[in-house]
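S.K.: Structure file protein.cif (mmCIF, C-alpha atoms) is given on the next line.
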data_upload
#
loop_
_atom_site.group_PDB
_atom_site.id
_atom_site.type_symbol
_atom_site.label_atom_id
_atom_site.label_comp_id
_atom_site.auth_asym_id
_atom_site.auth_seq_id
_atom_site.Cartn_x
_atom_site.Cartn_y
_atom_site.Cartn_z
ATOM 1 C CA MET A 1 58.148 -12.250 -16.454
ATOM 2 C CA ALA A 2 58.615 -15.196 -18.781
ATOM 3 C CA ILE A 3 62.269 -16.124 -19.109
ATOM 4 C CA THR A 4 63.317 -19.030 -21.295
ATOM 5 C CA VAL A 5 67.023 -18.214 -21.531
ATOM 6 C CA LYS A 6 69.221 -20.685 -19.665
ATOM 7 C CA GLU A 7 72.576 -19.024 -20.254
ATOM 8 C CA PHE A 8 73.554 -15.380 -20.680
ATOM 9 C CA SER A 9 75.343 -16.204 -23.910
ATOM 10 C CA GLU A 10 71.953 -17.070 -25.463
ATOM 11 C CA MET A 11 70.885 -13.426 -25.099
ATOM 12 C CA PHE A 12 73.687 -11.940 -27.210
ATOM 13 C CA GLY A 13 72.520 -10.861 -30.649
ATOM 14 C CA LYS A 14 68.789 -11.195 -29.906
ATOM 15 C CA ASP A 15 66.587 -8.522 -31.442
ATOM 16 C CA VAL A 16 65.101 -6.030 -28.972
ATOM 17 C CA PHE A 17 61.635 -4.516 -29.433
ATOM 18 C CA THR A 18 59.535 -2.237 -27.239
ATOM 19 C CA ASP A 19 56.121 -3.457 -26.126
ATOM 20 C CA LYS A 20 54.688 -1.057 -28.735
ATOM 21 C CA GLY A 21 56.501 -2.897 -31.536
ATOM 22 C CA MET A 22 59.371 -0.466 -32.116
ATOM 23 C CA PHE A 23 62.649 -2.162 -33.108
ATOM 24 C CA CYS A 24 65.499 -0.944 -30.881
ATOM 25 C CA GLY A 25 68.514 -3.021 -31.852
ATOM 26 C CA LYS A 26 70.318 -6.111 -30.579
ATOM 27 C CA VAL A 27 71.565 -7.266 -27.186
ATOM 28 C CA ALA A 28 75.291 -6.520 -27.093
ATOM 29 C CA ASP A 29 76.092 -7.322 -23.451
ATOM 30 C CA VAL A 30 74.641 -8.147 -20.048
ATOM 31 C CA GLN A 31 75.725 -6.483 -16.798
ATOM 32 C CA VAL A 32 75.604 -8.692 -13.720
ATOM 33 C CA ASP A 33 75.724 -7.622 -10.067
ATOM 34 C CA LEU A 34 77.871 -10.380 -8.576
ATOM 35 C CA ARG A 35 77.217 -9.256 -4.996
ATOM 36 C CA LYS A 36 73.472 -9.763 -5.396
ATOM 37 C CA PHE A 37 73.675 -12.590 -7.979
ATOM 38 C CA ARG A 38 71.298 -10.920 -10.428
ATOM 39 C CA VAL A 39 71.248 -9.167 -13.777
ATOM 40 C CA ARG A 40 71.667 -5.413 -13.405
ATOM 41 C CA ALA A 41 71.221 -4.244 -17.001
ATOM 42 C CA ILE A 42 71.377 -5.183 -20.645
ATOM 43 C CA VAL A 43 73.361 -3.242 -23.210
ATOM 44 C CA ILE A 44 71.474 -2.675 -26.443
ATOM 45 C CA GLU A 45 73.421 -1.916 -29.618
ATOM 46 C CA ALA A 46 71.480 0.737 -31.504
ATOM 47 C CA VAL A 47 71.070 -0.521 -35.073
ATOM 48 C CA ARG A 48 71.022 2.163 -37.785
ATOM 49 C CA GLY A 49 67.448 3.181 -38.608
ATOM 50 C CA SER A 50 65.967 1.751 -35.408
ATOM 51 C CA TYR A 51 63.808 3.608 -32.892
ATOM 52 C CA LEU A 52 66.682 3.617 -30.412
ATOM 53 C CA ALA A 53 69.218 4.911 -32.958
ATOM 54 C CA GLU A 54 66.950 7.864 -33.671
ATOM 55 C CA LEU A 55 66.763 8.663 -29.949
ATOM 56 C CA VAL A 56 70.462 8.421 -29.118
ATOM 57 C CA GLY A 57 71.831 9.884 -32.348
ATOM 58 C CA GLY A 58 75.477 8.965 -32.885
ATOM 59 C CA LYS A 59 75.797 6.887 -29.716
ATOM 60 C CA ARG A 60 76.582 3.210 -30.150
ATOM 61 C CA GLY A 61 74.092 1.901 -27.648
ATOM 62 C CA VAL A 62 72.164 2.153 -24.427
ATOM 63 C CA ILE A 63 72.547 0.564 -21.007
ATOM 64 C CA LEU A 64 69.014 -0.397 -20.050
ATOM 65 C CA PRO A 65 68.178 -1.316 -16.427
ATOM 66 C CA TYR A 66 66.892 -4.886 -16.280
ATOM 67 C CA GLN A 67 63.538 -3.855 -14.797
ATOM 68 C CA PHE A 68 62.642 -2.526 -18.290
ATOM 69 C CA VAL A 69 62.821 -6.088 -19.686
ATOM 70 C CA GLN A 70 59.364 -7.634 -19.948
ATOM 71 C CA SER A 71 60.057 -10.876 -21.780
ATOM 72 C CA ILE A 72 62.924 -12.907 -23.196
ATOM 73 C CA GLY A 73 62.333 -15.570 -25.808
ATOM 74 C CA ASP A 74 63.206 -15.573 -29.502
ATOM 75 C CA ILE A 75 63.327 -11.788 -29.078
ATOM 76 C CA VAL A 76 63.655 -9.443 -26.090
ATOM 77 C CA ILE A 77 60.673 -7.220 -25.310
ATOM 78 C CA ILE A 78 61.227 -4.115 -23.221
ATOM 79 C CA ARG A 79 58.906 -1.442 -21.871
ATOM 80 C CA HIS A 80 58.477 1.435 -24.284
ATOM 81 C CA PHE A 81 60.271 4.597 -23.188
ATOM 82 C CA PRO A 82 59.723 8.085 -24.574
ATOM 83 C CA ALA A 83 62.484 10.193 -26.085
ATOM 84 C CA SER A 84 62.514 12.397 -22.964
ATOM 85 C CA ALA A 85 63.723 9.418 -20.866
ATOM 86 C CA ILE A 86 67.108 9.317 -22.623
ATOM 87 C CA GLU A 87 69.836 11.397 -21.009
ATOM 88 C CA SER A 88 72.612 12.428 -23.355
ATOM 89 C CA LYS A 89 76.036 12.126 -21.738
ATOM 90 C CA GLU A 90 78.894 13.852 -23.532
ATOM 91 C CA GLY A 91 82.162 11.987 -23.814
ATOM 92 C CA LYS A 92 80.601 8.559 -23.348
ATOM 93 C CA GLU A 93 80.014 5.988 -26.048
ATOM 94 C CA GLU A 94 76.805 4.729 -24.479
ATOM 95 C CA SER A 95 73.764 6.450 -23.028
ATOM 96 C CA GLU A 96 71.979 5.154 -19.985
ATOM 97 C CA VAL A 97 68.232 5.177 -19.609
ATOM 98 C CA PRO A 98 67.365 6.379 -16.089
ATOM 99 C CA GLU A 99 65.515 3.971 -13.828
ATOM 100 C CA GLN A 100 61.777 4.395 -13.917
ATOM 101 C CA SER A 101 60.020 4.690 -10.581
ATOM 102 C CA SER A 102 57.094 2.339 -10.150
#
Please lay out the structure from this file as structure tokens.
M.R.:
Amino acid sequence: MAITVKEFSEMFGKDVFTDKGMFCGKVADVQVDLRKFRVRAIVIEAVRGSYLAELVGGKRGVILPYQFVQSIGDIVIIRHFPASAIESKEGKEESEVPEQSS
């Protein structure tokens, strides 16, 4: 995986696309596992009209496990996930995409 980001703050606001070219939104936050010293997930803000916004409906965003991230540069490219991969959770402002087994 090609990573050119030197600081987490550089990731905020970057556009996020799937590897099939679908616009998902922008990076809103990064979750870090301090015990293991690694990135756990990125939080993607679902922009109105984007592929992700259509999947999650009125939710504000999605917590995406970091293993979905394929590349980080001027944009963030993630693995494409079908609509069936999104679990709707009532009472939460964000949905979480379940981890994909490899």
S.K.: Starting from the displayed file, determine the output of the PyMOL selection byres ((chain A and resi 79) around 10) and express the residue list as a list of chain:residue names.
M.R.: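 Checked against the file, the PyMOL selection byres ((chain A and resi 79) around 10) matches A:Phe17, A:Thr18, A:Asp19, A:Lys20, A:Gln67, A:Phe68, A:Val69, A:Gln70, A:Ser71, A:Ile77, A:Ile78, A:His80, A:Phe81, A:Pro82.
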S.K.: By how many Å are CA of Val16 in chain A and CA of Arg38 in chain A apart?
M.R.: 20.2 Å
S.K.: Please determine an axis-aligned box that encloses all atoms of range 18-33 of chain A listed in the file, with 4 Å added on each side, and express its centre and edge lengths in Å to one decimal as JSON.
M.R.:
{"center_x": 65.4, "center_y": -4.6, "center_z": -21.6, "size_x": 29.4, "size_y": 16.2, "size_z": 31.0}
S.K.: In Å to one decimal, how far is CA of Phe23 in chain A from CA of Lys59 in chain A?
M.R.: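 Computing it gives 16.3 Å between the two atoms.
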S.K.: Write out as a PDB file with C-alpha atoms, keeping the file's coordinate frame each polymer residue whose atoms come within 8 Å of Tyr66 in chain A, counting all atoms listed in the file; drop sequence neighbours fewer than 5 positions from it.
M.R.:
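Ended up saving to part.pdb:
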ATOM      1  CA  VAL A  39      71.248  -9.167 -13.777  1.00  0.00           C
ATOM      2  CA  ARG A  40      71.667  -5.413 -13.405  1.00  0.00           C
ATOM      3  CA  ALA A  41      71.221  -4.244 -17.001  1.00  0.00           C
ATOM      4  CA  ILE A  42      71.377  -5.183 -20.645  1.00  0.00           C
TER       5      ILE A  42
END
S.K.: Could you pull out every residue with an atom within 10 Å of (67.9, 3.9, -32.7), file coordinates, counting all atoms listed in the file, and send them as a JSON list (two decimals) with C-alpha atoms, in the frame of the given file?
M.R.:
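Below you can see point.json, which holds the result:
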[["chain", "number", "residue", "atom", "x", "y", "z"],
["A", 22, "MET", "CA", 59.37, -0.47, -32.12],
["A", 23, "PHE", "CA", 62.65, -2.16, -33.11],
["A", 24, "CYS", "CA", 65.50, -0.94, -30.88],
["A", 25, "GLY", "CA", 68.51, -3.02, -31.85],
["A", 44, "ILE", "CA", 71.47, -2.68, -26.44],
["A", 45, "GLU", "CA", 73.42, -1.92, -29.62],
["A", 46, "ALA", "CA", 71.48, 0.74, -31.50],
["A", 47, "VAL", "CA", 71.07, -0.52, -35.07],
["A", 48, "ARG", "CA", 71.02, 2.16, -37.78],
["A", 49, "GLY", "CA", 67.45, 3.18, -38.61],
["A", 50, "SER", "CA", 65.97, 1.75, -35.41],
["A", 51, "TYR", "CA", 63.81, 3.61, -32.89],
["A", 52, "LEU", "CA", 66.68, 3.62, -30.41],
["A", 53, "ALA", "CA", 69.22, 4.91, -32.96],
["A", 54, "GLU", "CA", 66.95, 7.86, -33.67],
["A", 55, "LEU", "CA", 66.76, 8.66, -29.95],
["A", 56, "VAL", "CA", 70.46, 8.42, -29.12],
["A", 57, "GLY", "CA", 71.83, 9.88, -32.35],
["A", 58, "GLY", "CA", 75.48, 8.96, -32.88],
["A", 59, "LYS", "CA", 75.80, 6.89, -29.72],
["A", 60, "ARG", "CA", 76.58, 3.21, -30.15],
["A", 61, "GLY", "CA", 74.09, 1.90, -27.65],
["A", 62, "VAL", "CA", 72.16, 2.15, -24.43]]
S.K.: Starting from the displayed file, determine the output of the PyMOL selection byres ((chain A and resi 27) around 6) and express the residue list as a tab-separated table (two decimals) with C-alpha atoms, in the frame of the given file.
M.R.:
chain	number	residue	atom	x	y	z
A	12	PHE	CA	73.69	-11.94	-27.21
A	13	GLY	CA	72.52	-10.86	-30.65
A	14	LYS	CA	68.79	-11.20	-29.91
A	26	LYS	CA	70.32	-6.11	-30.58
A	28	ALA	CA	75.29	-6.52	-27.09
A	29	ASP	CA	76.09	-7.32	-23.45
A	43	VAL	CA	73.36	-3.24	-23.21
A	44	ILE	CA	71.47	-2.68	-26.44
S.K.: Just to confirm, what's the straight-line distance from CA of Ile72 in chain A to CA of Leu34 in chain A in Å (one decimal)?
M.R.: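 According to the coordinates, CA of Ile72 in chain A and CA of Leu34 in chain A are separated by 21.1 Å.
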S.K.: Measuring between only C-alpha atoms, which one of A:Lys36, A:Gln31, A:Val76, A:Ile63 shows the shortest distance to Asp15 in chain A?
M.R.: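 Of A:Lys36, A:Gln31, A:Val76, A:Ile63, the one nearest Asp15 in chain A, counting only C-alpha atoms, is A:Val76.
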